[in-house]
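A.B. asks: This is the structure I want to talk about, given as structure tokens.
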Amino acid sequence: MEDPKEIDSVYWDEESKSWKTEKITVEEYHGFTECRYCQSPMSHNVKTNGEFKVVYVRCRCSRS
């Protein structure tokens, strides 16, 4: 499997009190953490804009 070049990250927007989605461009990819229930990626360890970050995504069970 090829490393992703972009990831749809989710974050909590305190102003609107809701989850928002932001597209993150990936410079380096360093793996992911999977959800213990649905075994799909829950967060990704990436380098973006010159810094290392943990980027959270919606797993399959959060979509139901």
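Naming scheme: A, B, ... for chains in displayed order of the structure tokens; residues 1 onward per chain; ligands 1 onward as shown.
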Just the residues within 9 Å of stretch 33-43 of chain A, please, counting only C-alpha atoms, with nothing from its chain fewer than 6 positions along; format it as a list of chain:residue names.
C.D. replies: A:Ser9, A:Val54, A:Val55, A:Tyr56, A:Val57, A:Arg58, A:Cys59, A:Arg60, A:Cys61
A.B. asks: Mind writing the picked residues with N, CA and C atoms as a PDB file, in the first residue's frame?
C.D. replies:
ATOM      1  N   SER A   9      -8.455  15.372   7.767  1.00  0.00           N
ATOM      2  CA  SER A   9      -8.335  15.406   9.224  1.00  0.00           C
ATOM      3  C   SER A   9      -9.613  15.972   9.839  1.00  0.00           C
ATOM      4  N   VAL A  54       0.113  14.369  14.943  1.00  0.00           N
ATOM      5  CA  VAL A  54      -0.837  13.273  14.944  1.00  0.00           C
ATOM      6  C   VAL A  54      -2.118  13.852  14.363  1.00  0.00           C
ATOM      7  N   VAL A  55      -2.569  13.276  13.244  1.00  0.00           N
ATOM      8  CA  VAL A  55      -3.745  13.758  12.524  1.00  0.00           C
ATOM      9  C   VAL A  55      -4.871  12.764  12.756  1.00  0.00           C
ATOM     10  N   TYR A  56      -5.979  13.238  13.303  1.00  0.00           N
ATOM     11  CA  TYR A  56      -7.113  12.366  13.594  1.00  0.00           C
ATOM     12  C   TYR A  56      -8.076  12.315  12.416  1.00  0.00           C
ATOM     13  N   VAL A  57      -8.636  11.125  12.182  1.00  0.00           N
ATOM     14  CA  VAL A  57      -9.602  10.914  11.110  1.00  0.00           C
ATOM     15  C   VAL A  57     -10.804  10.167  11.677  1.00  0.00           C
ATOM     16  N   ARG A  58     -11.871  10.133  10.913  1.00  0.00           N
ATOM     17  CA  ARG A  58     -13.053   9.379  11.333  1.00  0.00           C
ATOM     18  C   ARG A  58     -12.890   7.921  10.936  1.00  0.00           C
ATOM     19  N   CYS A  59     -12.955   7.035  11.903  1.00  0.00           N
ATOM     20  CA  CYS A  59     -12.892   5.608  11.591  1.00  0.00           C
ATOM     21  C   CYS A  59     -14.273   5.149  11.127  1.00  0.00           C
ATOM     22  N   ARG A  60     -14.375   3.895  10.714  1.00  0.00           N
ATOM     23  CA  ARG A  60     -15.648   3.388  10.179  1.00  0.00           C
ATOM     24  C   ARG A  60     -16.761   3.400  11.218  1.00  0.00           C
ATOM     25  N   CYS A  61     -16.474   3.067  12.465  1.00  0.00           N
ATOM     26  CA  CYS A  61     -17.564   2.997  13.446  1.00  0.00           C
ATOM     27  C   CYS A  61     -18.041   4.385  13.889  1.00  0.00           C
TER      28      CYS A  61
END
A.B. asks: Skipping near chain neighbours, those fewer than 2 positions away, what residues fall within 12 Å of stretch 11-24 of chain A using only C-alpha atoms, listed as a list in words?
C.D. replies: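 Skipping anything fewer than 2 positions along the chain leaves Pro4, Lys5, Glu6, Ile7, Asp8, Ser9, Val26, Glu27, Glu28, Tyr29, Ser43, His44, Asn45, Val46, Lys47, Thr48, Asn49, Lys53, Val54, Val55, Tyr56, Val57, Arg58 and Ser62 of chain A.
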A.B. asks: Give me, as a ChimeraX atom specification, the residues of chain A that a backbone DSSP run labels strand (DSSP E or B).
C.D. replies: /A:6-13,18-25,28-34,41-48,51-56
A.B. asks: Write out the residues from the selection above, keeping N, CA and C atoms, as a CSV table (one decimal), in the first residue's frame.
C.D. replies:
chain,number,residue,atom,x,y,z
A,6,GLU,N,-2.5,13.0,0.9
A,6,GLU,CA,-3.4,14.0,1.6
A,6,GLU,C,-4.3,13.1,2.5
A,7,ILE,N,-4.7,13.8,3.6
A,7,ILE,CA,-5.6,13.1,4.6
A,7,ILE,C,-6.7,14.1,5.0
A,8,ASP,N,-7.9,13.6,5.1
A,8,ASP,CA,-9.0,14.4,5.6
A,8,ASP,C,-9.0,14.4,7.1
A,9,SER,N,-8.5,15.4,7.8
A,9,SER,CA,-8.3,15.4,9.2
A,9,SER,C,-9.6,16.0,9.8
A,10,VAL,N,-10.0,15.5,11.0
A,10,VAL,CA,-11.1,16.1,11.8
A,10,VAL,C,-10.6,16.7,13.0
A,11,TYR,N,-11.2,17.8,13.4
A,11,TYR,CA,-10.8,18.6,14.6
A,11,TYR,C,-12.1,19.2,15.2
A,12,TRP,N,-12.0,19.5,16.5
A,12,TRP,CA,-13.2,20.1,17.2
A,12,TRP,C,-13.0,21.6,17.1
A,13,ASP,N,-14.1,22.3,16.5
A,13,ASP,CA,-14.1,23.7,16.4
A,13,ASP,C,-14.9,24.2,17.6
A,18,SER,N,-18.7,22.0,16.9
A,18,SER,CA,-18.9,20.9,16.1
A,18,SER,C,-17.6,20.4,15.5
A,19,TRP,N,-17.6,19.2,14.9
A,19,TRP,CA,-16.4,18.6,14.2
A,19,TRP,C,-16.3,19.2,12.9
A,20,LYS,N,-15.1,19.6,12.5
A,20,LYS,CA,-14.8,20.2,11.2
A,20,LYS,C,-13.8,19.3,10.5
A,21,THR,N,-13.8,19.3,9.2
A,21,THR,CA,-12.8,18.5,8.4
A,21,THR,C,-11.9,19.5,7.7
A,22,GLU,N,-10.6,19.1,7.7
A,22,GLU,CA,-9.6,19.9,7.0
A,22,GLU,C,-8.6,18.9,6.2
A,23,LYS,N,-8.3,19.3,5.0
A,23,LYS,CA,-7.4,18.5,4.2
A,23,LYS,C,-6.0,18.8,4.5
A,24,ILE,N,-5.2,17.8,4.9
A,24,ILE,CA,-3.8,17.9,5.3
A,24,ILE,C,-2.9,17.4,4.2
A,25,THR,N,-1.9,18.1,3.8
A,25,THR,CA,-1.0,17.6,2.8
A,25,THR,C,0.2,16.9,3.6
A,28,GLU,N,5.8,13.5,5.0
A,28,GLU,CA,6.3,12.2,5.4
A,28,GLU,C,5.2,11.5,6.1
A,29,TYR,N,5.1,10.2,5.9
A,29,TYR,CA,4.1,9.4,6.6
A,29,TYR,C,4.8,8.4,7.5
A,30,HIS,N,4.4,8.3,8.7
A,30,HIS,CA,5.0,7.4,9.7
A,30,HIS,C,4.1,6.4,10.4
A,31,GLY,N,3.0,6.0,9.7
A,31,GLY,CA,2.1,5.0,10.3
A,31,GLY,C,0.8,5.5,10.8
A,32,PHE,N,0.1,4.6,11.4
A,32,PHE,CA,-1.2,5.0,11.9
A,32,PHE,C,-1.6,4.2,13.2
A,33,THR,N,-2.6,4.6,13.9
A,33,THR,CA,-3.2,3.9,15.0
A,33,THR,C,-4.5,3.4,14.6
A,34,GLU,N,-4.9,2.2,14.8
A,34,GLU,CA,-6.2,1.7,14.4
A,34,GLU,C,-7.2,1.6,15.5
A,41,PRO,N,-8.0,2.9,10.3
A,41,PRO,CA,-7.2,4.0,10.9
A,41,PRO,C,-8.0,5.0,11.7
A,42,MET,N,-7.5,5.4,12.9
A,42,MET,CA,-8.1,6.4,13.7
A,42,MET,C,-7.3,7.7,13.8
A,43,SER,N,-6.0,7.5,13.7
A,43,SER,CA,-5.1,8.7,13.6
A,43,SER,C,-3.8,8.3,12.8
A,44,HIS,N,-3.2,9.3,12.3
A,44,HIS,CA,-2.0,9.1,11.4
A,44,HIS,C,-0.9,9.9,12.0
A,45,ASN,N,0.3,9.4,12.0
A,45,ASN,CA,1.5,10.1,12.4
A,45,ASN,C,2.2,10.6,11.1
A,46,VAL,N,2.2,11.9,10.9
A,46,VAL,CA,2.7,12.5,9.7
A,46,VAL,C,3.6,13.7,9.9
A,47,LYS,N,4.3,14.1,8.9
A,47,LYS,CA,5.0,15.4,8.9
A,47,LYS,C,4.3,16.3,7.9
A,48,THR,N,3.9,17.5,8.3
A,48,THR,CA,3.2,18.4,7.4
A,48,THR,C,3.7,19.8,7.8
A,51,GLU,N,6.5,20.1,10.4
A,51,GLU,CA,6.4,19.6,11.8
A,51,GLU,C,5.7,18.3,11.8
A,52,PHE,N,6.1,17.5,12.8
A,52,PHE,CA,5.4,16.2,13.0
A,52,PHE,C,4.1,16.4,13.8
A,53,LYS,N,3.1,15.7,13.4
A,53,LYS,CA,1.8,15.8,14.0
A,53,LYS,C,1.1,14.5,14.0
A,54,VAL,N,0.1,14.4,14.9
A,54,VAL,CA,-0.8,13.3,14.9
A,54,VAL,C,-2.1,13.9,14.4
A,55,VAL,N,-2.6,13.3,13.2
A,55,VAL,CA,-3.7,13.8,12.5
A,55,VAL,C,-4.9,12.8,12.8
A,56,TYR,N,-6.0,13.2,13.3
A,56,TYR,CA,-7.1,12.4,13.6
A,56,TYR,C,-8.1,12.3,12.4
